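> Please find upload.csv (CSV, C-alpha atoms and all ligand atoms) on the next line:
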```csv
chain,number,residue,atom,x,y,z
X,40,MET,CA,13.3,1.2,5.7
X,41,HIS,CA,12.3,-2.4,5.1
X,42,ARG,CA,9.8,-3.9,7.5
X,43,ARG,CA,8.2,-7.3,7.3
X,44,PRO,CA,5.0,-7.1,9.3
X,45,ASP,CA,4.8,-10.8,9.6
X,46,ALA,CA,8.3,-11.4,10.8
X,47,ARG,CA,7.3,-11.8,14.4
X,48,ALA,CA,4.6,-14.2,13.6
X,49,ILE,CA,6.9,-16.2,11.3
X,50,ALA,CA,9.5,-16.4,14.2
X,51,ASP,CA,6.7,-17.6,16.5
X,52,ARG,CA,5.7,-20.2,13.9
X,53,ARG,CA,9.3,-21.6,13.9
X,54,VAL,CA,9.3,-21.9,17.7
X,55,TRP,CA,5.7,-23.0,18.2
X,56,ASN,CA,5.2,-25.8,15.8
X,57,HIS,CA,1.6,-26.7,16.3
X,58,GLY,CA,1.9,-26.0,20.0
X,59,ARG,CA,5.0,-28.1,20.4
X,60,VAL,CA,8.2,-26.4,21.6
X,61,ALA,CA,10.8,-26.7,18.9
X,62,ASP,CA,13.5,-24.8,20.7
X,63,GLY,CA,13.3,-25.0,24.5
X,64,GLY,CA,13.9,-22.4,27.2
X,65,PRO,CA,11.6,-21.6,30.2
X,66,LYS,CA,10.2,-18.4,28.7
X,67,ARG,CA,9.1,-20.3,25.6
X,68,ILE,CA,7.6,-23.1,27.6
X,69,LEU,CA,5.7,-20.5,29.6
X,70,ARG,CA,4.4,-18.8,26.4
X,71,GLY,CA,3.4,-22.2,25.0
X,72,ALA,CA,1.4,-22.9,28.1
X,73,GLY,CA,-0.1,-19.4,27.9
X,74,ARG,CA,-1.1,-19.9,24.3
X,75,ARG,CA,-2.8,-23.2,25.0
X,76,LEU,CA,-4.7,-21.7,27.9
X,77,VAL,CA,-5.9,-18.7,25.8
X,78,ILE,CA,-7.1,-21.0,23.0
X,79,LYS,CA,-9.0,-23.2,25.5
X,80,ALA,CA,-10.4,-20.2,27.4
X,81,ALA,CA,-11.5,-18.1,24.4
X,82,PRO,CA,-14.8,-19.8,23.7
X,83,HIS,CA,-15.9,-19.4,27.3
X,84,LEU,CA,-15.4,-15.6,26.8
X,85,GLY,CA,-17.3,-15.5,23.6
X,86,LEU,CA,-14.1,-15.2,21.6
X,87,THR,CA,-12.4,-17.3,18.9
X,88,ALA,CA,-8.6,-18.0,19.2
X,89,TYR,CA,-6.8,-20.2,16.8
X,90,ASP,CA,-3.3,-21.1,15.7
X,91,PRO,CA,-2.9,-19.3,12.3
X,92,THR,CA,-1.9,-21.6,9.4
X,93,TRP,CA,1.5,-20.7,8.1
X,94,ASP,CA,1.9,-22.7,5.0
X,95,PHE,CA,3.1,-19.9,2.7
X,96,PRO,CA,5.5,-17.2,4.1
X,97,VAL,CA,8.8,-18.8,3.3
X,98,ASP,CA,8.1,-19.1,-0.4
X,99,LEU,CA,6.3,-15.8,-0.5
X,100,ASP,CA,9.3,-13.9,1.0
X,101,ARG,CA,11.7,-15.7,-1.3
X,102,LEU,CA,9.6,-15.0,-4.4
X,103,ALA,CA,8.1,-11.6,-3.7
X,104,GLU,CA,9.4,-8.3,-2.3
X,105,PHE,CA,7.4,-6.5,0.3
X,106,SER,CA,8.8,-3.3,1.7
X,107,SER,CA,7.6,-0.3,3.6
X,108,SER,CA,7.9,3.4,2.8
X,109,ASN,CA,7.9,5.9,5.6
X,110,ILE,CA,7.3,9.0,3.4
X,111,PRO,CA,4.7,11.3,5.1
X,112,VAL,CA,1.2,10.8,3.6
X,113,GLN,CA,-1.2,13.6,4.5
X,114,ASP,CA,-4.2,11.5,5.3
X,115,SER,CA,-4.9,10.4,8.9
X,116,ARG,CA,-8.7,10.6,8.7
X,117,ALA,CA,-10.6,8.3,10.9
X,118,THR,CA,-13.3,8.0,8.2
X,119,THR,CA,-13.4,8.4,4.5
X,120,VAL,CA,-16.6,10.3,4.5
X,121,GLU,CA,-16.2,13.9,3.3
X,122,ASP,CA,-18.5,16.9,2.8
X,123,GLY,CA,-20.5,16.1,6.0
X,124,GLY,CA,-21.4,12.7,4.5
X,125,VAL,CA,-22.2,13.7,1.0
X,126,ARG,CA,-19.2,12.0,-0.6
X,127,ASP,CA,-16.6,9.5,0.5
X,128,LEU,CA,-13.1,9.3,-0.7
X,129,THR,CA,-10.3,6.8,-0.1
X,130,ILE,CA,-7.1,8.9,-0.1
X,131,THR,CA,-7.1,12.7,0.1
X,132,VAL,CA,-5.6,14.5,-2.9
X,133,ASP,CA,-2.9,15.8,-0.6
X,134,GLY,CA,-2.0,12.3,0.3
X,135,LEU,CA,-2.1,11.3,-3.4
X,136,ALA,CA,0.3,14.2,-4.1
X,137,ASN,CA,2.7,12.9,-1.4
X,138,VAL,CA,2.8,9.5,-2.9
X,139,ILE,CA,2.9,10.4,-6.6
X,140,GLY,CA,5.1,13.4,-6.4
X,141,ASP,CA,6.7,14.4,-9.6
X,142,ARG,CA,6.5,11.0,-11.2
X,143,PHE,CA,4.2,9.9,-14.1
X,144,LYS,CA,4.1,13.3,-15.9
X,145,GLY,CA,2.6,12.7,-19.3
X,146,ALA,CA,2.0,9.0,-18.5
X,147,ARG,CA,-0.9,6.8,-19.8
X,148,VAL,CA,-3.2,6.4,-16.8
X,149,LEU,CA,-6.0,4.1,-16.0
X,150,GLU,CA,-8.4,4.9,-13.1
X,151,VAL,CA,-10.9,2.2,-11.9
X,152,GLY,CA,-14.0,3.5,-10.3
X,153,PRO,CA,-13.5,7.3,-10.5
X,154,LYS,CA,-16.9,8.0,-9.0
X,155,TYR,CA,-16.9,11.7,-8.0
X,156,GLY,CA,-13.8,12.5,-10.1
X,157,ILE,CA,-11.8,13.9,-7.2
X,158,HIS,CA,-8.7,11.9,-7.9
X,159,SER,CA,-9.4,12.1,-11.7
X,160,LEU,CA,-9.3,15.9,-11.7
X,161,TRP,CA,-6.1,15.9,-9.7
X,162,LEU,CA,-4.4,13.4,-12.0
X,163,ASP,CA,-5.6,15.4,-15.0
X,164,GLU,CA,-4.2,18.7,-13.7
X,165,HIS,CA,-1.0,17.5,-12.1
X,166,LEU,CA,0.2,14.8,-14.4
X,167,GLY,CA,-1.1,16.0,-17.7
X,168,PRO,CA,-1.5,12.4,-18.8
X,169,SER,CA,-1.1,11.5,-22.5
X,170,GLU,CA,-4.4,9.7,-22.0
X,171,ILE,CA,-6.5,9.0,-19.0
X,172,VAL,CA,-8.9,6.1,-19.3
X,173,PHE,CA,-11.7,5.4,-16.8
X,174,SER,CA,-13.2,2.0,-16.0
X,175,ASP,CA,-16.5,1.9,-14.2
X,176,PHE,CA,-20.0,0.5,-14.3
X,177,ALA,CA,-22.3,2.4,-16.7
X,178,SER,CA,-24.7,3.0,-13.8
X,179,ASP,CA,-22.3,5.6,-12.4
X,180,ARG,CA,-22.3,7.6,-15.7
X,181,HIS,CA,-24.5,10.3,-14.1
X,182,LEU,CA,-21.7,11.0,-11.6
X,183,HIS,CA,-19.1,11.1,-14.3
X,184,ASP,CA,-21.2,13.6,-16.3
X,185,GLN,CA,-20.7,16.1,-13.4
X,186,TRP,CA,-17.0,16.4,-13.8
X,187,GLU,CA,-16.0,15.1,-17.2
X,188,GLY,CA,-16.3,18.6,-18.8
X,189,LYS,CA,-13.5,19.8,-16.5
X,190,LEU,CA,-10.9,17.4,-17.9
X,191,ARG,CA,-8.2,18.9,-20.1
X,192,SER,CA,-6.3,15.7,-21.1
X,193,PRO,CA,-7.3,13.2,-23.7
X,194,HIS,CA,-9.6,10.7,-22.0
X,195,ARG,CA,-12.2,8.0,-22.5
X,196,PHE,CA,-14.6,5.8,-20.5
X,197,VAL,CA,-14.7,2.1,-20.9
X,198,TYR,CA,-17.9,1.0,-19.3
X,199,GLY,CA,-18.6,-2.5,-17.8
X,200,ASP,CA,-17.3,-4.8,-15.2
X,201,LEU,CA,-13.5,-4.5,-15.1
X,202,ARG,CA,-13.2,-8.3,-15.0
X,203,ALA,CA,-14.6,-8.5,-18.5
X,204,ALA,CA,-13.5,-5.1,-19.9
X,205,GLU,CA,-11.7,-6.5,-22.9
X,206,GLY,CA,-11.9,-3.1,-24.5
X,207,LEU,CA,-9.2,-2.0,-22.1
X,208,ALA,CA,-6.8,-4.7,-23.2
X,209,GLU,CA,-7.1,-3.5,-26.8
X,210,LEU,CA,-5.7,-0.1,-25.8
X,211,GLU,CA,-2.0,0.8,-25.4
X,212,PRO,CA,-0.8,-0.5,-22.0
X,213,PHE,CA,-0.9,1.9,-19.0
X,214,ASP,CA,2.1,3.2,-17.1
X,215,LEU,CA,0.0,4.0,-14.0
X,216,THR,CA,-3.1,2.2,-12.8
X,217,MET,CA,-5.2,3.6,-10.0
X,218,PHE,CA,-7.2,0.9,-8.1
X,219,LEU,CA,-8.4,2.9,-5.1
X,220,GLY,CA,-11.2,1.7,-2.9
X,221,VAL,CA,-12.5,-1.0,-5.3
X,222,LEU,CA,-11.0,-4.4,-4.4
X,223,TYR,CA,-12.9,-5.2,-1.2
X,224,HIS,CA,-16.2,-4.3,-2.9
X,225,SER,CA,-15.7,-7.4,-5.0
X,226,VAL,CA,-15.2,-11.1,-4.3
X,227,TYR,CA,-13.4,-11.5,-7.6
X,228,HIS,CA,-10.0,-10.3,-6.4
X,229,LEU,CA,-7.9,-12.6,-8.7
X,230,PRO,CA,-9.7,-11.9,-12.0
X,231,LEU,CA,-9.6,-8.1,-11.2
X,232,LEU,CA,-5.9,-8.1,-10.3
X,233,SER,CA,-5.1,-10.3,-13.3
X,234,MET,CA,-7.0,-8.0,-15.7
X,235,LEU,CA,-5.1,-5.0,-14.3
X,236,ASN,CA,-1.9,-6.9,-14.9
X,237,ARG,CA,-2.9,-7.5,-18.6
X,238,VAL,CA,-3.6,-3.8,-19.2
X,239,THR,CA,-0.5,-2.4,-17.4
X,240,ARG,CA,2.9,-2.3,-19.2
X,241,PHE,CA,5.7,-4.5,-17.9
X,242,GLY,CA,7.4,-2.5,-15.1
X,243,GLY,CA,4.4,-0.3,-14.8
X,244,THR,CA,2.8,0.8,-11.5
X,245,MET,CA,-0.5,0.1,-9.7
X,246,LEU,CA,-1.6,2.1,-6.8
X,247,LEU,CA,-3.9,0.0,-4.7
X,248,GLU,CA,-6.0,1.1,-1.8
X,249,THR,CA,-8.2,-1.2,0.1
X,250,THR,CA,-9.9,-2.1,3.4
X,251,TYR,CA,-8.0,-5.0,4.9
X,252,ASP,CA,-8.5,-7.5,7.7
X,253,HIS,CA,-6.0,-7.3,10.6
X,254,ARG,CA,-5.5,-11.0,11.1
X,255,PRO,CA,-2.0,-12.2,10.2
X,256,ASP,CA,-2.7,-15.3,8.2
X,257,ALA,CA,-3.7,-15.5,4.5
X,258,SER,CA,-7.5,-15.3,4.8
X,259,VAL,CA,-10.3,-13.4,3.1
X,260,ARG,CA,-13.3,-12.3,5.2
X,261,LEU,CA,-16.5,-12.7,3.2
X,262,ARG,CA,-19.2,-10.2,4.0
X,263,TRP,CA,-22.9,-9.9,3.1
X,264,PRO,CA,-24.0,-6.6,4.7
X,265,GLU,CA,-27.7,-6.4,5.6
X,266,LYS,CA,-28.1,-2.8,4.4
X,267,ASN,CA,-27.4,-3.6,0.7
X,268,LEU,CA,-26.9,-7.4,0.5
X,269,LYS,CA,-23.8,-6.9,-1.7
X,270,ALA,CA,-21.2,-9.7,-1.7
X,271,LYS,CA,-17.9,-8.3,-0.4
X,272,ALA,CA,-14.5,-9.8,0.5
X,273,VAL,CA,-11.9,-8.2,2.8
X,274,PRO,CA,-8.4,-9.8,2.5
X,275,THR,CA,-5.7,-9.9,5.1
X,276,VAL,CA,-2.3,-8.3,4.2
X,277,SER,CA,-0.9,-11.8,3.7
X,278,ALA,CA,-3.8,-12.9,1.5
X,279,LEU,CA,-3.3,-9.7,-0.6
X,280,ARG,CA,0.4,-10.3,-0.9
X,281,LEU,CA,-0.2,-13.8,-2.1
X,282,MET,CA,-2.8,-12.8,-4.6
X,283,LEU,CA,-0.6,-9.9,-5.9
X,284,ALA,CA,2.3,-12.3,-6.3
X,285,TRP,CA,0.2,-14.8,-8.2
X,286,THR,CA,-1.1,-12.2,-10.6
X,287,GLY,CA,2.3,-10.7,-11.5
X,288,TRP,CA,2.7,-7.9,-8.9
X,289,ARG,CA,5.8,-9.2,-7.0
X,290,ARG,CA,7.4,-5.9,-6.0
X,291,VAL,CA,5.1,-4.2,-3.4
X,292,THR,CA,5.7,-1.2,-1.2
X,293,ARG,CA,3.3,-0.3,1.6
X,294,TYR,CA,2.9,3.4,2.6
X,295,ALA,CA,3.1,3.0,6.4
X,296,ASP,CA,2.0,6.6,7.1
X,297,TYR,CA,-1.3,6.2,5.3
X,298,ARG,CA,-4.1,6.3,7.9
X,299,PRO,CA,-2.3,4.4,10.6
X,300,GLY,CA,-4.5,2.5,13.0
X,301,SER,CA,-7.3,2.2,10.4
X,302,SER,CA,-8.3,-0.8,8.4
X,303,GLU,CA,-7.2,0.8,5.1
X,304,LEU,CA,-3.9,0.3,3.4
X,305,LEU,CA,-2.1,1.8,0.4
X,306,LEU,CA,0.2,-0.2,-1.7
X,307,GLU,CA,2.4,0.6,-4.7
X,308,CYS,CA,2.8,-2.5,-6.8
X,309,GLU,CA,5.1,-3.0,-9.8
X,310,LYS,CA,4.2,-5.4,-12.6
X,311,THR,CA,6.9,-8.0,-12.6
X,312,ASP,CA,5.4,-10.8,-14.6
X,313,GLU,CA,3.0,-11.4,-17.4
X,314,ILE,CA,-0.2,-13.5,-17.0
X,315,ALA,CA,0.3,-17.0,-18.5
X,316,GLY,CA,-2.0,-17.1,-21.5
X,317,GLU,CA,-5.6,-15.9,-22.2
X,318,ALA,CA,-7.4,-18.5,-20.1
X,319,SER,CA,-5.4,-18.0,-16.9
X,320,ASP,CA,-5.5,-15.5,-14.1
X,321,PHE,CA,-2.0,-16.5,-12.9
X,322,THR,CA,1.6,-16.0,-14.0
X,323,GLU,CA,3.8,-18.9,-14.9
X,324,LEU,CA,5.2,-19.0,-11.3
X,325,VAL,CA,1.9,-20.5,-10.2
X,326,ALA,CA,1.8,-24.2,-11.2
X,327,PRO,CA,-1.4,-25.1,-13.1
X,328,GLN,CA,-3.9,-27.3,-11.2
X,329,ARG,CA,-3.7,-29.8,-14.1
X,330,PRO,CA,-0.9,-30.3,-16.5
X,331,PRO,CA,-1.8,-28.8,-20.0
X,332,VAL,CA,-3.5,-31.5,-22.1
X,333,ASP,CA,-1.9,-32.1,-25.4
X,334,LEU,CA,-4.9,-32.4,-27.7
X,335,LEU,CA,-2.9,-34.0,-30.5
X,336,GLU,CA,-1.6,-36.7,-28.2
X,337,ARG,CA,-5.2,-37.6,-27.2
X,338,SER,CA,-6.4,-38.1,-30.8
X,401,LIG,C1,-16.0,3.0,-3.2
X,401,LIG,S1,-15.9,3.6,-4.8
X,401,LIG,C2,-14.2,4.2,-4.8
X,401,LIG,C3,-14.2,5.6,-5.5
X,401,LIG,C4,-12.8,6.2,-5.6
X,401,LIG,N1,-12.0,5.4,-6.5
X,401,LIG,C5,-12.1,6.5,-4.3
X,401,LIG,O1,-10.9,6.1,-4.2
X,401,LIG,O2,-12.7,7.1,-3.4
X,401,LIG,C6,-15.8,2.1,-5.8
X,401,LIG,C7,-15.9,2.4,-7.3
X,401,LIG,O3,-15.4,1.2,-8.0
X,401,LIG,C8,-16.4,0.9,-9.0
X,401,LIG,N2,-16.3,-0.5,-9.2
X,401,LIG,C9,-16.5,-1.5,-8.3
X,401,LIG,N3,-16.3,-2.7,-8.8
X,401,LIG,C10,-16.0,-2.5,-10.1
X,401,LIG,C11,-15.8,-3.4,-11.2
X,401,LIG,N4,-15.8,-4.7,-11.1
X,401,LIG,N5,-15.5,-2.9,-12.4
X,401,LIG,C12,-15.5,-1.5,-12.6
X,401,LIG,N6,-15.7,-0.6,-11.6
X,401,LIG,C13,-16.0,-1.1,-10.4
X,401,LIG,C14,-17.7,1.4,-8.5
X,401,LIG,O4,-18.6,1.7,-9.5
X,401,LIG,C15,-17.3,2.7,-7.7
X,401,LIG,O5,-17.2,3.8,-8.6
```
Translate this file's structure into structure tokens.
Ligand SMILES: C[S@@+](CC[C@H](N)C(=O)[O-])C[C@H]1O[C@@H](n2cnc3c(N)ncnc32)[C@H](O)[C@@H]1O

Amino acid sequence: MHRRPDARAIADRRVWNHGRVADGGPKRILRGAGRRLVIKAAPHLGLTAYDPTWDFPVDLDRLAEFSSSNIPVQDSRATTVEDGGVRDLTITVDGLANVIGDRFKGARVLEVGPKYGIHSLWLDEHLGPSEIVFSDFASDRHLHDQWEGKLRSPHRFVYGDLRAAEGLAELEPFDLTMFLGVLYHSVYHLPLLSMLNRVTRFGGTMLLETTYDHRPDASVRLRWPEKNLKAKAVPTVSALRLMLAWTGWRRVTRYADYRPGSSELLLECEKTDEIAGEASDFTELVAPQRPPVDLLERS
């Protein structure tokens, strides 16, 4: 089933063009008055109401596919914390089995941020990858040491920030890239998605799980939690769709049954385009900010 979560909002945008009624009718006039009233009243109630900015969806829908899969995903947990708070895990291994099924047997697999190795051991056992490569910070090595010995498939760790993990790009490209519970921990969404594009084969798959912001427009909520002072960034679905399209992931399926009602989403993304050159984070579909300078012409 194809479902466009923003369709209603897009329809609203067509009708309510900056508060003006583009296409009359008493119901619409009434709704317009209601909207204006809510926006005016919100600050008095300690709330913020605003007209979302819709300056992207037409092109985005034309250029990128976004569909929804209704396959059952056995994960409806309210929280990701397991083992009475000892470990936390994004998707359960049962949920992962639902999504991956019998695909990717013997594939080349990359997993970013394996942490406790729960997904890693499942991938190792059920897919029998030709190689499984782990990308993580070296400071988590002590966690990896606890489960590495259980792996049966050929594997290696490439330590360092994924954004700069050039060692990954030197390897054979991956068929399946696991990017679970990592994106919103970083403010560098575009460099991370772009790096994952570079290391995945054309037509390859990325499974992406992240916390998202429920607002409908393309915004990223920046966070600086008091408890750890880490810089975090939570994208809306529209923002994520845009960033995926810009970085060469233009065929995206959302698993609708994954933890419905939560702020977590699970996307399967296909690599549809290559990144344009070493110095860019974007594909050629994104116009450069400046036209390339012809050095010869200048001399
Ligand atoms: C919340 S844990 C997610 C663990 C596991 N993937 C899951 O799905 O439950 C985030 C992991 O991503 C890793 N990570 C975060 N930013 C990273 C980066 N820029 N490069 C490499 N690893 C990163 C962290 O070290 C950590 O292991």
> Which of these residues is nearest to ligand LIG 401 (chain X), using only C-alpha atoms and all ligand atoms: X:Val172, X:Leu219, X:Ala80, X:Leu190?
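Closest to ligand LIG 401 (chain X) of all the choices is X:Leu219.
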> Give me, as a PDB file with C-alpha atoms, keeping the file's coordinate frame, all polymer residues having an atom no more than 9 Å from X:Glu104, counting only C-alpha atoms and skipping those fewer than 2 positions away in the same chain.

```pdb
ATOM      1  CA  LEU X  99       6.300 -15.800  -0.500  1.00  0.00           C
ATOM      2  CA  ASP X 100       9.300 -13.900   1.000  1.00  0.00           C
ATOM      3  CA  ARG X 101      11.700 -15.700  -1.300  1.00  0.00           C
ATOM      4  CA  LEU X 102       9.600 -15.000  -4.400  1.00  0.00           C
ATOM      5  CA  SER X 106       8.800  -3.300   1.700  1.00  0.00           C
ATOM      6  CA  ARG X 289       5.800  -9.200  -7.000  1.00  0.00           C
ATOM      7  CA  ARG X 290       7.400  -5.900  -6.000  1.00  0.00           C
ATOM      8  CA  VAL X 291       5.100  -4.200  -3.400  1.00  0.00           C
ATOM      9  CA  THR X 292       5.700  -1.200  -1.200  1.00  0.00           C
TER      10      THR X 292
END
```
> Calculate how many Å separate atom CA of X:Trp161 from atom CA of X:Leu135, rounding to one decimal.
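It comes out at 8.8 Å.
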> Could you tell me how far atom CA of X:Glu309 lies from atom N3 of ligand LIG 401 (chain X), in Å and to one decimal?
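Result for atom CA of X:Glu309 versus atom N3 of ligand LIG 401 (chain X): 21.4 Å, one decimal.
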> Set the distance at 8 Å and use only C-alpha atoms: which residues neighbour X:Leu306 once local chain neighbours fewer than 6 positions away are removed? I'd like the list as a PyMOL selection string.
chain X and resi 246-248+291-294
> To one decimal place in Å, what is the distance between atom CA of X:Arg280 and atom CA of X:Pro230?
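Going from atom CA of X:Arg280 over to atom CA of X:Pro230, I get 15.1 Å.
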> Residues at most 7 Å from ligand LIG 401 (chain X), using only C-alpha atoms and all ligand atoms? Could they come as a PyMOL selection string?
chain X and resi 127-130+151-154+174-176+179+199-202+218-221+224-225
> Go ahead and write the selection's residues with C-alpha atoms as an mmCIF file, keeping the file's coordinate frame.

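What follows is the written file selection19.cif:
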```
data_model
loop_
_atom_site.group_PDB
_atom_site.id
_atom_site.type_symbol
_atom_site.label_atom_id
_atom_site.label_comp_id
_atom_site.auth_asym_id
_atom_site.auth_seq_id
_atom_site.Cartn_x
_atom_site.Cartn_y
_atom_site.Cartn_z
ATOM 1 C CA ASP X 127 -16.600 9.500 0.500
ATOM 2 C CA LEU X 128 -13.100 9.300 -0.700
ATOM 3 C CA THR X 129 -10.300 6.800 -0.100
ATOM 4 C CA ILE X 130 -7.100 8.900 -0.100
ATOM 5 C CA VAL X 151 -10.900 2.200 -11.900
ATOM 6 C CA GLY X 152 -14.000 3.500 -10.300
ATOM 7 C CA PRO X 153 -13.500 7.300 -10.500
ATOM 8 C CA LYS X 154 -16.900 8.000 -9.000
ATOM 9 C CA SER X 174 -13.200 2.000 -16.000
ATOM 10 C CA ASP X 175 -16.500 1.900 -14.200
ATOM 11 C CA PHE X 176 -20.000 0.500 -14.300
ATOM 12 C CA ASP X 179 -22.300 5.600 -12.400
ATOM 13 C CA GLY X 199 -18.600 -2.500 -17.800
ATOM 14 C CA ASP X 200 -17.300 -4.800 -15.200
ATOM 15 C CA LEU X 201 -13.500 -4.500 -15.100
ATOM 16 C CA ARG X 202 -13.200 -8.300 -15.000
ATOM 17 C CA PHE X 218 -7.200 0.900 -8.100
ATOM 18 C CA LEU X 219 -8.400 2.900 -5.100
ATOM 19 C CA GLY X 220 -11.200 1.700 -2.900
ATOM 20 C CA VAL X 221 -12.500 -1.000 -5.300
ATOM 21 C CA HIS X 224 -16.200 -4.300 -2.900
ATOM 22 C CA SER X 225 -15.700 -7.400 -5.000
#
```
> Tell me which of X:Thr216, X:Ser159, X:Asn236, X:Ser192 sits closest to X:Met282, counting only C-alpha atoms.
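For X:Met282, the nearest of the given residues is X:Asn236.
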> Pick the closest to X:Gly206 from X:Tyr89, X:Phe173, X:Trp285, X:Phe321: which is it, counting all atoms listed in the file?
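Smallest separation from X:Gly206 among the options: X:Phe173.
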> Got a sec: who's within 6 Å of X:Ala146, counting all atoms listed in the file, leaving out chain neighbours fewer than 2 positions off, as a list in words?
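What passes the distance filter is Phe143, Lys144, Pro168, Ser169 and Asp214 of chain X.
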> Within 12 Å of (-22.4, 11.3, -11.6) (file coordinates; all atoms listed in the file), which protein or nucleic acid residues are there? I'd like them as a ChimeraX atom specification.
/X:126,152-157,175-188
> Would you export the selected residues with C-alpha atoms as a compact mmCIF listing (two decimals), keeping the file's coordinate frame, please?

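The result, stored in result.txt:
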```
# COMPACT_ATOMS: atom_id res chain seq x y z
CA ARG X 126 -19.20 12.00 -0.60
CA GLY X 152 -14.00 3.50 -10.30
CA PRO X 153 -13.50 7.30 -10.50
CA LYS X 154 -16.90 8.00 -9.00
CA TYR X 155 -16.90 11.70 -8.00
CA GLY X 156 -13.80 12.50 -10.10
CA ILE X 157 -11.80 13.90 -7.20
CA ASP X 175 -16.50 1.90 -14.20
CA PHE X 176 -20.00 0.50 -14.30
CA ALA X 177 -22.30 2.40 -16.70
CA SER X 178 -24.70 3.00 -13.80
CA ASP X 179 -22.30 5.60 -12.40
CA ARG X 180 -22.30 7.60 -15.70
CA HIS X 181 -24.50 10.30 -14.10
CA LEU X 182 -21.70 11.00 -11.60
CA HIS X 183 -19.10 11.10 -14.30
CA ASP X 184 -21.20 13.60 -16.30
CA GLN X 185 -20.70 16.10 -13.40
CA TRP X 186 -17.00 16.40 -13.80
CA GLU X 187 -16.00 15.10 -17.20
CA GLY X 188 -16.30 18.60 -18.80
```
> Find the residue from X:Leu149, X:Leu235, X:Leu207, X:Leu304 that sits nearest to X:Glu170; use only C-alpha atoms when measuring.
X:Leu149
> Taking all atoms listed in the file into account, which of X:Leu215, X:Leu166, X:Ala315, X:Val148 comes nearest X:Gly243?
X:Leu215
> So which one's closest to X:Asn109, X:Val226, X:Leu160, X:Ile314, X:Val138? Using only C-alpha atoms, please.
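Under the stated criterion, the closest residue is X:Val138.
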> List the spatial neighbours of stretch 269-276 of chain X as a ChimeraX atom specification - criterion: any atom at most 7 Å away, only C-alpha atoms, same-chain residues fewer than 2 positions off excluded.
/X:223-226,250-264,267,278-280
> Near X:Thr131, within 10 Å and counting all atoms listed in the file, which residues show up once chain neighbours fewer than 2 positions away are dropped, as JSON, numbers by chain?
{"X": [112, 113, 114, 115, 116, 119, 121, 128, 129, 133, 134, 135, 136, 137, 157, 158]}
> Complete stretch 134-145 of chain X with N, CA and C atoms (output as a tab-separated table (two decimals), in the frame of the given file).

```tsv
chain	number	residue	atom	x	y	z
X	134	GLY	N	-2.72	13.55	0.10
X	134	GLY	CA	-2.00	12.30	0.30
X	134	GLY	C	-1.56	11.71	-1.05
X	135	LEU	N	-2.41	11.83	-2.06
X	135	LEU	CA	-2.10	11.30	-3.40
X	135	LEU	C	-0.83	12.10	-3.93
X	136	ALA	N	-0.82	13.41	-3.67
X	136	ALA	CA	0.30	14.20	-4.10
X	136	ALA	C	1.60	13.77	-3.43
X	137	ASN	N	1.52	13.44	-2.14
X	137	ASN	CA	2.70	12.90	-1.40
X	137	ASN	C	3.25	11.68	-2.07
X	138	VAL	N	2.35	10.80	-2.45
X	138	VAL	CA	2.80	9.50	-2.90
X	138	VAL	C	3.25	9.57	-4.40
X	139	ILE	N	2.54	10.32	-5.20
X	139	ILE	CA	2.90	10.40	-6.60
X	139	ILE	C	3.99	11.35	-6.92
X	140	GLY	N	4.01	12.45	-6.19
X	140	GLY	CA	5.10	13.40	-6.40
X	140	GLY	C	5.19	13.92	-7.79
X	141	ASP	N	6.43	13.95	-8.28
X	141	ASP	CA	6.70	14.40	-9.60
X	141	ASP	C	6.72	13.33	-10.67
X	142	ARG	N	6.38	12.13	-10.25
X	142	ARG	CA	6.50	11.00	-11.20
X	142	ARG	C	5.25	10.97	-12.11
X	143	PHE	N	5.35	10.22	-13.16
X	143	PHE	CA	4.20	9.90	-14.10
X	143	PHE	C	3.70	11.10	-14.86
X	144	LYS	N	4.52	12.13	-15.02
X	144	LYS	CA	4.10	13.30	-15.90
X	144	LYS	C	3.91	12.74	-17.30
X	145	GLY	N	2.82	13.06	-17.92
X	145	GLY	CA	2.60	12.70	-19.30
X	145	GLY	C	2.34	11.18	-19.52
```
